[in-house]
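**Q** File follows, start12.tsv with TSV, C-alpha atoms:
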chain	number	residue	atom	x	y	z
O	1	MET	CA	68.74	35.00	41.91
O	2	ASN	CA	68.27	38.70	41.46
O	3	TYR	CA	69.38	38.84	37.85
O	4	PRO	CA	66.69	40.23	35.61
O	5	ASN	CA	66.45	39.60	31.90
O	6	GLY	CA	69.39	40.95	30.06
O	7	ILE	CA	71.79	40.88	32.95
O	8	ARG	CA	73.26	37.45	32.79
O	9	LYS	CA	75.98	36.35	35.07
O	10	THR	CA	78.23	33.92	33.33
O	11	SER	CA	78.45	30.78	35.35
O	12	PRO	CA	80.59	27.67	34.88
O	13	GLN	CA	77.52	25.62	33.94
O	14	GLN	CA	76.88	27.78	30.93
O	15	LYS	CA	80.40	27.73	29.60
O	16	PRO	CA	80.33	24.27	27.97
O	17	ARG	CA	77.79	25.52	25.43
O	18	ALA	CA	80.52	27.40	23.63
O	19	SER	CA	82.02	24.16	22.41
O	20	GLN	CA	78.72	22.52	21.56
O	21	GLY	CA	76.71	22.66	18.39
O	22	PHE	CA	78.06	23.86	15.09
O	23	GLY	CA	80.05	26.99	14.53
O	24	ASN	CA	81.20	27.38	18.10
O	25	ARG	CA	78.51	29.87	18.71
O	26	GLY	CA	78.63	30.24	22.45
O	27	MET	CA	76.34	33.24	22.52
O	28	THR	CA	73.35	33.76	24.70
O	29	LEU	CA	69.93	33.77	23.12
O	30	GLU	CA	69.67	37.47	23.85
O	31	GLU	CA	72.91	38.21	22.03
O	32	ASP	CA	71.80	36.15	19.05
O	33	ILE	CA	68.46	37.96	18.92
O	34	ASN	CA	70.13	41.35	19.15
O	35	ILE	CA	72.35	40.51	16.19
O	36	THR	CA	69.33	39.22	14.29
O	37	ASN	CA	67.33	42.38	14.99
O	38	LYS	CA	70.26	44.50	13.90
O	39	TYR	CA	70.43	42.55	10.66
O	40	TYR	CA	66.68	42.95	10.12
O	41	LEU	CA	67.02	46.66	10.77
O	42	GLU	CA	69.95	47.11	8.39
O	43	THR	CA	68.24	45.17	5.63
O	44	ASN	CA	64.98	47.01	6.33
O	45	LEU	CA	63.12	43.76	6.85
O	46	ALA	CA	61.64	44.42	10.28
O	47	ILE	CA	61.96	46.98	13.04
O	48	VAL	CA	62.32	45.25	16.36
O	49	HIS	CA	64.12	46.47	19.45
O	50	LYS	CA	64.73	44.99	22.85
O	51	LYS	CA	63.21	47.12	25.55
O	52	PRO	CA	65.74	48.33	28.09
O	53	THR	CA	65.70	46.61	31.46
O	54	PRO	CA	63.48	48.68	33.75
O	55	ILE	CA	65.48	50.18	36.57
O	56	GLN	CA	64.33	52.10	39.61
O	57	ILE	CA	66.69	54.97	40.17
O	58	VAL	CA	67.17	56.06	43.77
O	59	ASN	CA	70.22	58.27	43.67
O	60	VAL	CA	71.93	60.29	40.96
O	61	ASN	CA	74.98	62.49	41.23
O	62	TYR	CA	75.35	65.42	38.88
O	63	PRO	CA	79.03	66.29	38.85
O	64	LYS	CA	79.87	69.58	37.19
O	65	ARG	CA	80.87	69.34	33.55
O	66	SER	CA	80.45	65.59	33.30
O	67	ALA	CA	77.70	63.08	32.82
O	68	ALA	CA	75.21	62.27	35.55
O	69	VAL	CA	76.15	59.17	37.53
O	70	ILE	CA	73.52	56.87	38.94
O	71	THR	CA	74.86	55.74	42.30
O	72	GLU	CA	71.94	53.72	43.61
O	73	ALA	CA	69.40	51.85	41.56
O	74	TYR	CA	67.55	48.55	41.51
O	75	PHE	CA	66.35	46.15	38.86
O	76	GLN	CA	62.60	46.09	38.38
O	77	GLN	CA	60.49	43.30	37.00
O	78	ALA	CA	59.36	43.94	33.45
O	79	SER	CA	55.60	44.21	33.05
O	80	THR	CA	55.62	43.33	29.39
O	81	THR	CA	57.65	41.17	27.05
O	82	ASP	CA	61.20	42.10	26.11
O	83	TYR	CA	60.79	42.68	22.39
O	84	ASN	CA	58.30	44.37	20.13
O	85	GLY	CA	58.18	46.03	16.77
O	86	ILE	CA	56.70	45.93	13.31
O	87	TYR	CA	57.01	43.40	10.51
O	88	LYS	CA	55.08	43.52	7.23
O	89	GLN	CA	52.79	46.17	8.70
O	90	ARG	CA	51.89	43.95	11.65
O	91	TYR	CA	52.61	44.56	15.32
O	92	ILE	CA	54.84	41.80	16.68
O	93	ASP	CA	55.65	41.10	20.30
O	94	PHE	CA	57.72	38.36	21.89
O	95	GLU	CA	59.67	37.07	24.82
O	96	ALA	CA	62.83	34.96	24.68
O	97	LYS	CA	63.88	32.36	27.24
O	98	GLU	CA	66.56	29.73	27.63
O	99	THR	CA	66.53	26.63	29.73
O	100	ASN	CA	69.13	24.09	30.70
O	101	ASN	CA	66.39	21.51	31.14
O	102	LYS	CA	66.50	18.74	28.59
O	103	THR	CA	63.01	17.35	28.69
O	104	SER	CA	60.70	20.30	29.25
O	105	PHE	CA	60.39	24.06	29.42
O	106	PRO	CA	59.29	25.22	32.89
O	107	LEU	CA	56.41	27.70	32.88
O	108	ALA	CA	58.02	29.37	35.89
O	109	ASN	CA	60.18	31.21	33.36
O	110	PHE	CA	57.23	33.51	32.76
O	111	HIS	CA	55.55	35.99	35.07
O	112	GLU	CA	51.83	36.43	35.37
O	113	HIS	CA	51.85	39.98	33.99
O	114	GLN	CA	53.82	38.84	30.96
O	115	ILE	CA	51.14	36.24	30.35
O	116	LYS	CA	48.42	38.88	30.70
O	117	HIS	CA	50.31	41.12	28.32
O	118	MET	CA	50.59	38.35	25.72
O	119	GLN	CA	46.89	37.58	25.99
O	120	SER	CA	46.07	41.26	25.45
O	121	ILE	CA	48.33	41.49	22.42
O	122	ILE	CA	46.58	38.54	20.83
O	123	ASP	CA	43.18	40.02	21.67
O	124	HIS	CA	44.21	43.24	19.94
O	125	GLY	CA	45.29	41.48	16.78
O	126	GLY	CA	49.04	41.46	17.29
O	127	ILE	CA	51.43	38.63	16.46
O	128	CYS	CA	52.71	37.25	19.75
O	129	PHE	CA	55.15	34.41	20.33
O	130	ILE	CA	58.04	33.13	22.40
O	131	LEU	CA	61.50	32.06	21.38
O	132	LEU	CA	62.57	29.11	23.49
O	133	ARG	CA	66.10	27.79	23.52
O	134	PHE	CA	67.02	24.42	24.90
O	135	ASN	CA	70.69	24.90	25.68
O	136	ALA	CA	71.34	21.19	26.04
O	137	HIS	CA	70.02	20.51	22.55
O	138	ASP	CA	71.30	23.76	21.06
O	139	GLU	CA	67.89	24.31	19.52
O	140	THR	CA	65.73	27.42	19.45
O	141	PHE	CA	62.02	27.14	18.75
O	142	PHE	CA	59.34	29.56	17.68
O	143	VAL	CA	56.27	28.87	19.81
O	144	LYS	CA	53.05	30.81	19.38
O	145	ALA	CA	51.91	32.61	22.51
O	146	GLU	CA	48.57	30.83	22.12
O	147	LYS	CA	50.28	27.56	22.98
O	148	LEU	CA	52.05	28.99	26.01
O	149	LEU	CA	48.77	30.48	27.20
O	150	ALA	CA	46.98	27.15	26.83
O	151	TYR	CA	49.64	25.49	28.99
O	152	TRP	CA	49.52	28.38	31.47
O	153	TYR	CA	45.74	28.22	31.94
O	154	ASP	CA	45.91	24.45	32.18
O	155	GLN	CA	48.52	24.79	34.91
O	156	LEU	CA	46.17	27.07	36.85
O	157	ASP	CA	43.65	24.24	36.68
O	158	GLY	CA	46.16	21.85	38.19
O	159	GLY	CA	47.87	20.83	34.95
O	160	ARG	CA	51.59	20.32	34.37
O	161	LYS	CA	54.06	23.08	35.18
O	162	SER	CA	56.10	22.82	31.99
O	163	ILE	CA	55.86	22.27	28.25
O	164	PRO	CA	57.38	18.92	27.27
O	165	TYR	CA	60.36	19.12	24.92
O	166	GLN	CA	58.83	16.42	22.73
O	167	ASP	CA	55.68	18.47	22.31
O	168	ILE	CA	57.70	21.45	21.13
O	169	LYS	CA	60.11	19.36	19.05
O	170	THR	CA	57.35	17.66	17.12
O	171	LYS	CA	54.86	20.52	16.75
O	172	ASP	CA	56.72	23.82	16.77
O	173	PHE	CA	59.09	25.59	14.42
O	174	LEU	CA	62.81	24.93	14.81
O	175	ILE	CA	64.46	28.23	13.93
O	176	PRO	CA	67.33	27.88	11.50
O	177	PHE	CA	70.73	29.35	12.36
O	178	HIS	CA	72.26	31.82	9.93
O	179	TYR	CA	75.42	33.80	10.32
O	180	GLN	CA	73.66	37.16	10.20
O	181	ALA	CA	70.12	36.28	11.16
O	182	ARG	CA	71.22	33.99	13.96
O	183	VAL	CA	67.67	33.42	15.18
O	184	ASP	CA	65.81	33.96	11.94
O	185	TYR	CA	62.36	34.14	13.50
O	186	VAL	CA	60.63	36.01	10.68
O	187	LYS	CA	60.78	32.73	8.73
O	188	ALA	CA	58.34	31.35	11.24
O	189	ILE	CA	56.16	34.47	11.12
O	190	ASP	CA	56.01	34.14	7.34
O	191	LYS	CA	54.96	30.55	7.65
O	192	PHE	CA	52.29	31.04	10.29
O	193	TYR	CA	50.90	34.49	9.60
O	194	PHE	CA	51.42	35.33	5.95
O	195	ALA	CA	50.08	33.42	2.99
O	196	ASN	CA	52.91	34.52	0.71
O	197	ASN	CA	56.32	33.64	2.03
O	198	GLU	CA	58.23	35.97	-0.24
O	199	ARG	CA	60.86	38.11	1.46
I	200	MET	CA	71.90	69.14	30.80
I	201	ASN	CA	72.40	65.45	31.27
I	202	TYR	CA	68.82	64.58	32.00
I	203	PRO	CA	67.45	62.05	29.56
I	204	ASN	CA	63.78	61.59	28.79
I	205	GLY	CA	61.85	60.47	31.79
I	206	ILE	CA	64.23	61.86	34.35
I	207	ARG	CA	63.00	65.34	34.83
I	208	LYS	CA	64.40	67.63	37.42
I	209	THR	CA	61.74	69.92	38.76
I	210	SER	CA	62.82	73.48	38.38
I	211	PRO	CA	61.24	76.72	39.58
I	212	GLN	CA	60.39	77.74	36.02
I	213	GLN	CA	58.11	74.75	35.61
I	214	LYS	CA	56.22	75.24	38.85
I	215	PRO	CA	53.86	78.02	37.69
I	216	ARG	CA	52.18	75.60	35.30
I	217	ALA	CA	50.43	74.00	38.23
I	218	SER	CA	48.25	77.04	38.67
I	219	GLN	CA	47.63	77.57	34.97
I	220	GLY	CA	44.97	76.06	32.78
I	221	PHE	CA	41.92	74.33	34.12
I	222	GLY	CA	41.85	71.73	36.83
I	223	ASN	CA	45.19	72.62	38.36
I	224	ARG	CA	46.88	69.86	36.47
I	225	GLY	CA	50.50	70.61	37.09
I	226	MET	CA	51.68	67.31	35.69
I	227	THR	CA	54.38	66.70	33.17
I	228	LEU	CA	53.43	65.47	29.75
I	229	GLU	CA	55.04	62.15	30.56
I	230	GLU	CA	52.94	61.73	33.69
I	231	ASP	CA	49.79	62.60	31.79
I	232	ILE	CA	50.62	60.08	29.07
I	233	ASN	CA	51.37	57.38	31.60
I	234	ILE	CA	47.98	57.90	33.22
I	235	THR	CA	46.35	57.88	29.80
I	236	ASN	CA	48.08	54.65	28.80
I	237	LYS	CA	47.06	53.06	32.08
I	238	TYR	CA	43.46	54.06	31.40
I	239	TYR	CA	43.65	52.66	27.87
I	240	LEU	CA	45.08	49.43	29.26
I	241	GLU	CA	42.43	49.07	31.96
I	242	THR	CA	39.60	49.73	29.54
I	243	ASN	CA	41.23	47.44	26.98
I	244	LEU	CA	41.28	50.18	24.38
I	245	ALA	CA	44.95	50.14	23.46
I	246	ILE	CA	48.16	48.56	24.72
I	247	VAL	CA	50.88	51.15	24.92
I	248	HIS	CA	53.84	51.27	27.26
I	249	LYS	CA	56.65	53.70	27.76
I	250	LYS	CA	59.99	52.09	27.15
I	251	PRO	CA	62.29	52.24	30.15
I	252	THR	CA	65.14	54.74	29.97
I	253	PRO	CA	68.17	52.91	28.62
I	254	ILE	CA	70.91	52.73	31.20
I	255	GLN	CA	74.45	51.49	30.92
I	256	ILE	CA	75.28	49.51	34.02
I	257	VAL	CA	78.90	49.58	35.13
I	258	ASN	CA	78.83	48.22	38.64
I	259	VAL	CA	76.44	45.99	40.55
I	260	ASN	CA	76.70	44.74	44.11
I	261	TYR	CA	75.10	41.44	44.99
I	262	PRO	CA	74.67	41.49	48.75
I	263	LYS	CA	73.72	38.16	50.26
I	264	ARG	CA	70.02	37.63	50.81
I	265	SER	CA	68.96	40.97	49.37
I	266	ALA	CA	68.35	42.54	46.02
I	267	ALA	CA	71.19	43.46	43.68
I	268	VAL	CA	72.20	47.11	43.95
I	269	ILE	CA	73.43	49.04	40.95
I	270	THR	CA	76.16	51.32	42.26
I	271	GLU	CA	77.41	52.87	39.04
I	272	ALA	CA	75.43	53.45	35.90
I	273	TYR	CA	74.92	56.09	33.22
I	274	PHE	CA	72.00	57.31	31.17
I	275	GLN	CA	72.15	56.36	27.52
I	276	GLN	CA	70.50	58.09	24.63
I	277	ALA	CA	67.42	56.27	23.37
I	278	SER	CA	67.73	55.05	19.81
I	279	THR	CA	64.01	54.87	19.24
I	280	THR	CA	60.92	56.74	20.36
I	281	ASP	CA	59.67	56.45	23.93
I	282	TYR	CA	56.30	54.81	23.33
I	283	ASN	CA	54.94	52.04	21.18
I	284	GLY	CA	52.12	49.56	21.20
I	285	ILE	CA	49.03	48.37	19.43
I	286	TYR	CA	45.69	50.06	18.76
I	287	LYS	CA	42.88	48.61	16.64
I	288	GLN	CA	45.29	46.00	15.29
I	289	ARG	CA	47.75	48.66	14.12
I	290	TYR	CA	51.29	49.23	15.33
I	291	ILE	CA	51.58	52.70	16.86
I	292	ASP	CA	54.75	54.51	17.79
I	293	PHE	CA	55.30	57.99	19.18
I	294	GLU	CA	57.48	60.44	20.98
I	295	ALA	CA	56.36	63.12	23.42
I	296	LYS	CA	58.03	66.47	23.97
I	297	GLU	CA	57.35	69.66	25.87
I	298	THR	CA	58.64	73.12	25.21
I	299	ASN	CA	58.55	76.36	27.12
I	300	ASN	CA	58.82	78.23	23.84
I	301	LYS	CA	55.70	80.17	22.96
I	302	THR	CA	56.04	80.69	19.26
I	303	SER	CA	57.64	77.54	17.88
I	304	PHE	CA	58.74	74.00	18.60
I	305	PRO	CA	62.52	73.58	18.20
I	306	LEU	CA	63.56	70.59	16.11
I	307	ALA	CA	66.57	70.22	18.40
I	308	ASN	CA	64.23	68.32	20.71
I	309	PHE	CA	64.67	65.32	18.44
I	310	HIS	CA	67.74	63.23	17.72
I	311	GLU	CA	68.72	62.02	14.30
I	312	HIS	CA	68.24	58.34	15.14
I	313	GLN	CA	64.75	59.06	16.44
I	314	ILE	CA	63.99	60.69	13.11
I	315	LYS	CA	65.38	57.68	11.26
I	316	HIS	CA	63.32	55.39	13.43
I	317	MET	CA	60.13	57.34	12.71
I	318	GLN	CA	60.82	57.26	8.97
I	319	SER	CA	61.28	53.49	9.15
I	320	ILE	CA	58.06	53.00	11.08
I	321	ILE	CA	56.12	54.92	8.45
I	322	ASP	CA	57.83	52.95	5.67
I	323	HIS	CA	56.77	49.72	7.37
I	324	GLY	CA	53.14	50.78	7.63
I	325	GLY	CA	53.01	51.82	11.26
I	326	ILE	CA	51.19	54.80	12.71
I	327	CYS	CA	53.79	57.27	13.88
I	328	PHE	CA	53.29	60.65	15.50
I	329	ILE	CA	54.51	63.08	18.12
I	330	LEU	CA	52.72	64.62	21.05
I	331	LEU	CA	53.88	68.19	21.49
I	332	ARG	CA	53.03	70.27	24.51
I	333	PHE	CA	53.42	74.02	24.63
I	334	ASN	CA	53.68	74.63	28.34
I	335	ALA	CA	53.06	78.34	28.00
I	336	HIS	CA	49.77	77.73	26.22
I	337	ASP	CA	48.90	74.62	28.17
I	338	GLU	CA	48.11	72.88	24.91
I	339	THR	CA	49.10	69.44	23.67
I	340	PHE	CA	48.97	68.65	19.98
I	341	PHE	CA	48.94	65.47	17.95
I	342	VAL	CA	51.32	65.96	15.03
I	343	LYS	CA	51.87	63.27	12.43
I	344	ALA	CA	55.48	62.15	12.11
I	345	GLU	CA	55.23	62.94	8.40
I	346	LYS	CA	55.02	66.62	9.24
I	347	LEU	CA	57.97	66.52	11.62
I	348	LEU	CA	59.99	64.67	8.98
I	349	ALA	CA	59.15	67.27	6.33
I	350	TYR	CA	60.41	70.02	8.64
I	351	TRP	CA	63.47	67.96	9.54
I	352	TYR	CA	64.52	67.34	5.94
I	353	ASP	CA	63.82	70.97	5.12
I	354	GLN	CA	66.10	71.99	7.98
I	355	LEU	CA	68.86	69.83	6.53
I	356	ASP	CA	68.45	71.85	3.33
I	357	GLY	CA	68.93	75.06	5.24
I	358	GLY	CA	65.31	75.55	6.29
I	359	ARG	CA	64.05	76.74	9.65
I	360	LYS	CA	65.04	74.97	12.83
I	361	SER	CA	61.61	74.84	14.41
I	362	ILE	CA	57.93	74.31	13.68
I	363	PRO	CA	55.96	77.52	14.14
I	364	TYR	CA	53.27	77.40	16.83
I	365	GLN	CA	50.78	78.97	14.43
I	366	ASP	CA	51.37	76.20	11.90
I	367	ILE	CA	50.59	73.58	14.54
I	368	LYS	CA	47.74	75.54	16.09
I	369	THR	CA	45.94	75.97	12.79
I	370	LYS	CA	46.65	72.61	11.15
I	371	ASP	CA	47.14	69.96	13.82
I	372	PHE	CA	44.93	68.25	16.34
I	373	LEU	CA	44.56	69.84	19.76
I	374	ILE	CA	44.21	66.91	22.13
I	375	PRO	CA	41.34	67.26	24.57
I	376	PHE	CA	41.95	66.90	28.29
I	377	HIS	CA	39.94	64.30	30.18
I	378	TYR	CA	40.26	63.31	33.79
I	379	GLN	CA	41.24	59.72	33.00
I	380	ALA	CA	42.55	59.96	29.46
I	381	ARG	CA	44.51	63.11	30.19
I	382	VAL	CA	46.10	63.14	26.74
I	383	ASP	CA	43.43	61.33	24.79
I	384	TYR	CA	45.52	60.78	21.70
I	385	VAL	CA	43.56	57.87	20.26
I	386	LYS	CA	40.88	60.43	19.36
I	387	ALA	CA	43.36	61.82	16.87
I	388	ILE	CA	44.32	58.37	15.61
I	389	ASP	CA	40.65	57.63	15.01
I	390	LYS	CA	40.27	60.82	13.07
I	391	PHE	CA	43.34	60.44	10.90
I	392	TYR	CA	43.72	56.69	10.42
I	393	PHE	CA	40.33	55.06	10.81
I	394	ALA	CA	37.27	55.77	8.75
I	395	ASN	CA	34.88	54.79	11.52
I	396	ASN	CA	35.37	56.73	14.68
I	397	GLU	CA	33.39	54.42	16.91
I	398	ARG	CA	35.01	53.47	20.18
Just give me the structure of the file as structure tokens.

**A**
Amino acid sequence: MNYPNGIRKTSPQQKPRASQGFGNRGMTLEEDINITNKYYLETNLAIVHKKPTPIQIVNVNYPKRSAAVITEAYFQQASTTDYNGIYKQRYIDFEAKETNNKTSFPLANFHEHQIKHMQSIIDHGGICFILLRFNAHDETFFVKAEKLLAYWYDQLDGGRKSIPYQDIKTKDFLIPFHYQARVDYVKAIDKFYFANNER
Amino acid sequence: MNYPNGIRKTSPQQKPRASQGFGNRGMTLEEDINITNKYYLETNLAIVHKKPTPIQIVNVNYPKRSAAVITEAYFQQASTTDYNGIYKQRYIDFEAKETNNKTSFPLANFHEHQIKHMQSIIDHGGICFILLRFNAHDETFFVKAEKLLAYWYDQLDGGRKSIPYQDIKTKDFLIPFHYQARVDYVKAIDKFYFANNER
């Protein structure tokens, strides 16, 4: 259970996805987003990078005439979201998560400091959202952070511990799949944050 | 020479700084910026984080019932700047560098992809700058990325390989030192990018 974001151990349960959906995609959400960001970068549409996984370095060897080797280090929990950048002059910030659940998205996928970070970003006028993939349905949704936060605060008051799939399916933005922009999330940003949808 | 940003080996040459300047600071620029960002975060003034150092992980042990241990990994070169975030609804992005040079700041401190990244950020309407510290003078300056880029492109045309200290000293913003906001760079942002300087 000690795998942080970005370090994903392939497990037999995840394998079947490769043969599901159209196009035999079989990629993780993170891989799809990386390809999308690369495409955005190359077409000069948006500048978004994944932040490296934070690692606590304990020991490093410096062999002569060759690169330093880290010989002992540990994964640290990220204190922010995984992605941020700029799109149409606006600061954007998001987190991406997958679930194998079919009927709801568990809030336990998020940490309290990520929630705090998202709230701050909204307060400071940034565009903040989450990309949620339901592996079983092969669907990825754009969900505004405001919605996640509402569910989170409700949970603290004794509310439900997950966002129902039906709630997302009926109210949020299903992100289209494209070969290059595999998770074409700026389509959703255009729709929700910009009056003119021209690209 | 294989120390990336953020992994700084203390060396005897750097020690004297501790007894220079006022207040016996003796901290690296990175440490000062981290404290500043923490202060900005706590006072809800700006949300800026340092990106973790990118590391290529080669080997990980997963001992039972304890945290995963990375046993072989290498430092990677960052493809962007080290810091980004949001201030007064604007995307901000910067890099911080120190030099022991007294008379100029060598452009070799920057990589080509960092330069490209900075150019892109400006093109997309972000606020982009560098924080340059001259250790010998115990001074830290706020320099717009536009200026660095002008010197960089000039260098490619056969121009000089560094920015003269006098050019920075006379034209750029000397960042004041405060106990909590040790490198109070938003003062410079206010001056250069916002008409109203109220905080």

**Q** Report as an MDAnalysis selection string the set of chain I residues whose atoms approach chain O to within 9 Å, with distances computed over all atoms listed in the file.

**A** chainID I and resid 200:202 243:246 248 250:254 261 265:274 279 283:291 316 319:320 322:325

**Q** Which value, in Å to one decimal, gives the distance between CA of Tyr378 (chain I) and CA of Thr235 (chain I)?

**A**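 Atom-to-atom, CA of Tyr378 (chain I) to CA of Thr235 (chain I), that is 9.1 Å.
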
**Q** In Å to one decimal, how far is CA of Asn299 (chain I) from CA of Asn334 (chain I)?

**A** 5.3 Å

**Q** Can you work out which one of I:Asp371, I:Asp366, I:Glu241, I:Glu311 has the shortest atom-to-atom distance to Leu348 (chain I), counting all atoms listed in the file?

**A**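 Of the candidates, the smallest distance to Leu348 (chain I) is held by I:Glu311.
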
**Q** I'd like the interatomic distance between CA of His137 (chain O) and CA of Lys102 (chain O), to a tenth of an Å.

**A** 7.2 Å

**Q** Give me the residues near Arg359 (chain I) as a ChimeraX atom specification, where near means some atom within 12 Å (using all atoms listed in the file) and where sequence neighbours in that chain fewer than 3 positions away do not count.

**A** /I:303-307,349-356,362-363

**Q** Selected residues, C-alpha atoms, written as a PDB file, in the coordinates of the input, please.

**A**
ATOM      1  CA  SER I 303      57.640  77.540  17.880  1.00  0.00           C
ATOM      2  CA  PHE I 304      58.740  74.000  18.600  1.00  0.00           C
ATOM      3  CA  PRO I 305      62.520  73.580  18.200  1.00  0.00           C
ATOM      4  CA  LEU I 306      63.560  70.590  16.110  1.00  0.00           C
ATOM      5  CA  ALA I 307      66.570  70.220  18.400  1.00  0.00           C
ATOM      6  CA  ALA I 349      59.150  67.270   6.330  1.00  0.00           C
ATOM      7  CA  TYR I 350      60.410  70.020   8.640  1.00  0.00           C
ATOM      8  CA  TRP I 351      63.470  67.960   9.540  1.00  0.00           C
ATOM      9  CA  TYR I 352      64.520  67.340   5.940  1.00  0.00           C
ATOM     10  CA  ASP I 353      63.820  70.970   5.120  1.00  0.00           C
ATOM     11  CA  GLN I 354      66.100  71.990   7.980  1.00  0.00           C
ATOM     12  CA  LEU I 355      68.860  69.830   6.530  1.00  0.00           C
ATOM     13  CA  ASP I 356      68.450  71.850   3.330  1.00  0.00           C
ATOM     14  CA  ILE I 362      57.930  74.310  13.680  1.00  0.00           C
ATOM     15  CA  PRO I 363      55.960  77.520  14.140  1.00  0.00           C
TER      16      PRO I 363
END

**Q** Return the single residue from I:Asn260, I:Thr339, I:Asp389, I:His377 that is closest to Glu229 (chain I), with distances computed using only C-alpha atoms.

**A**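 That would be I:Thr339, the residue with the smallest distance to Glu229 (chain I).
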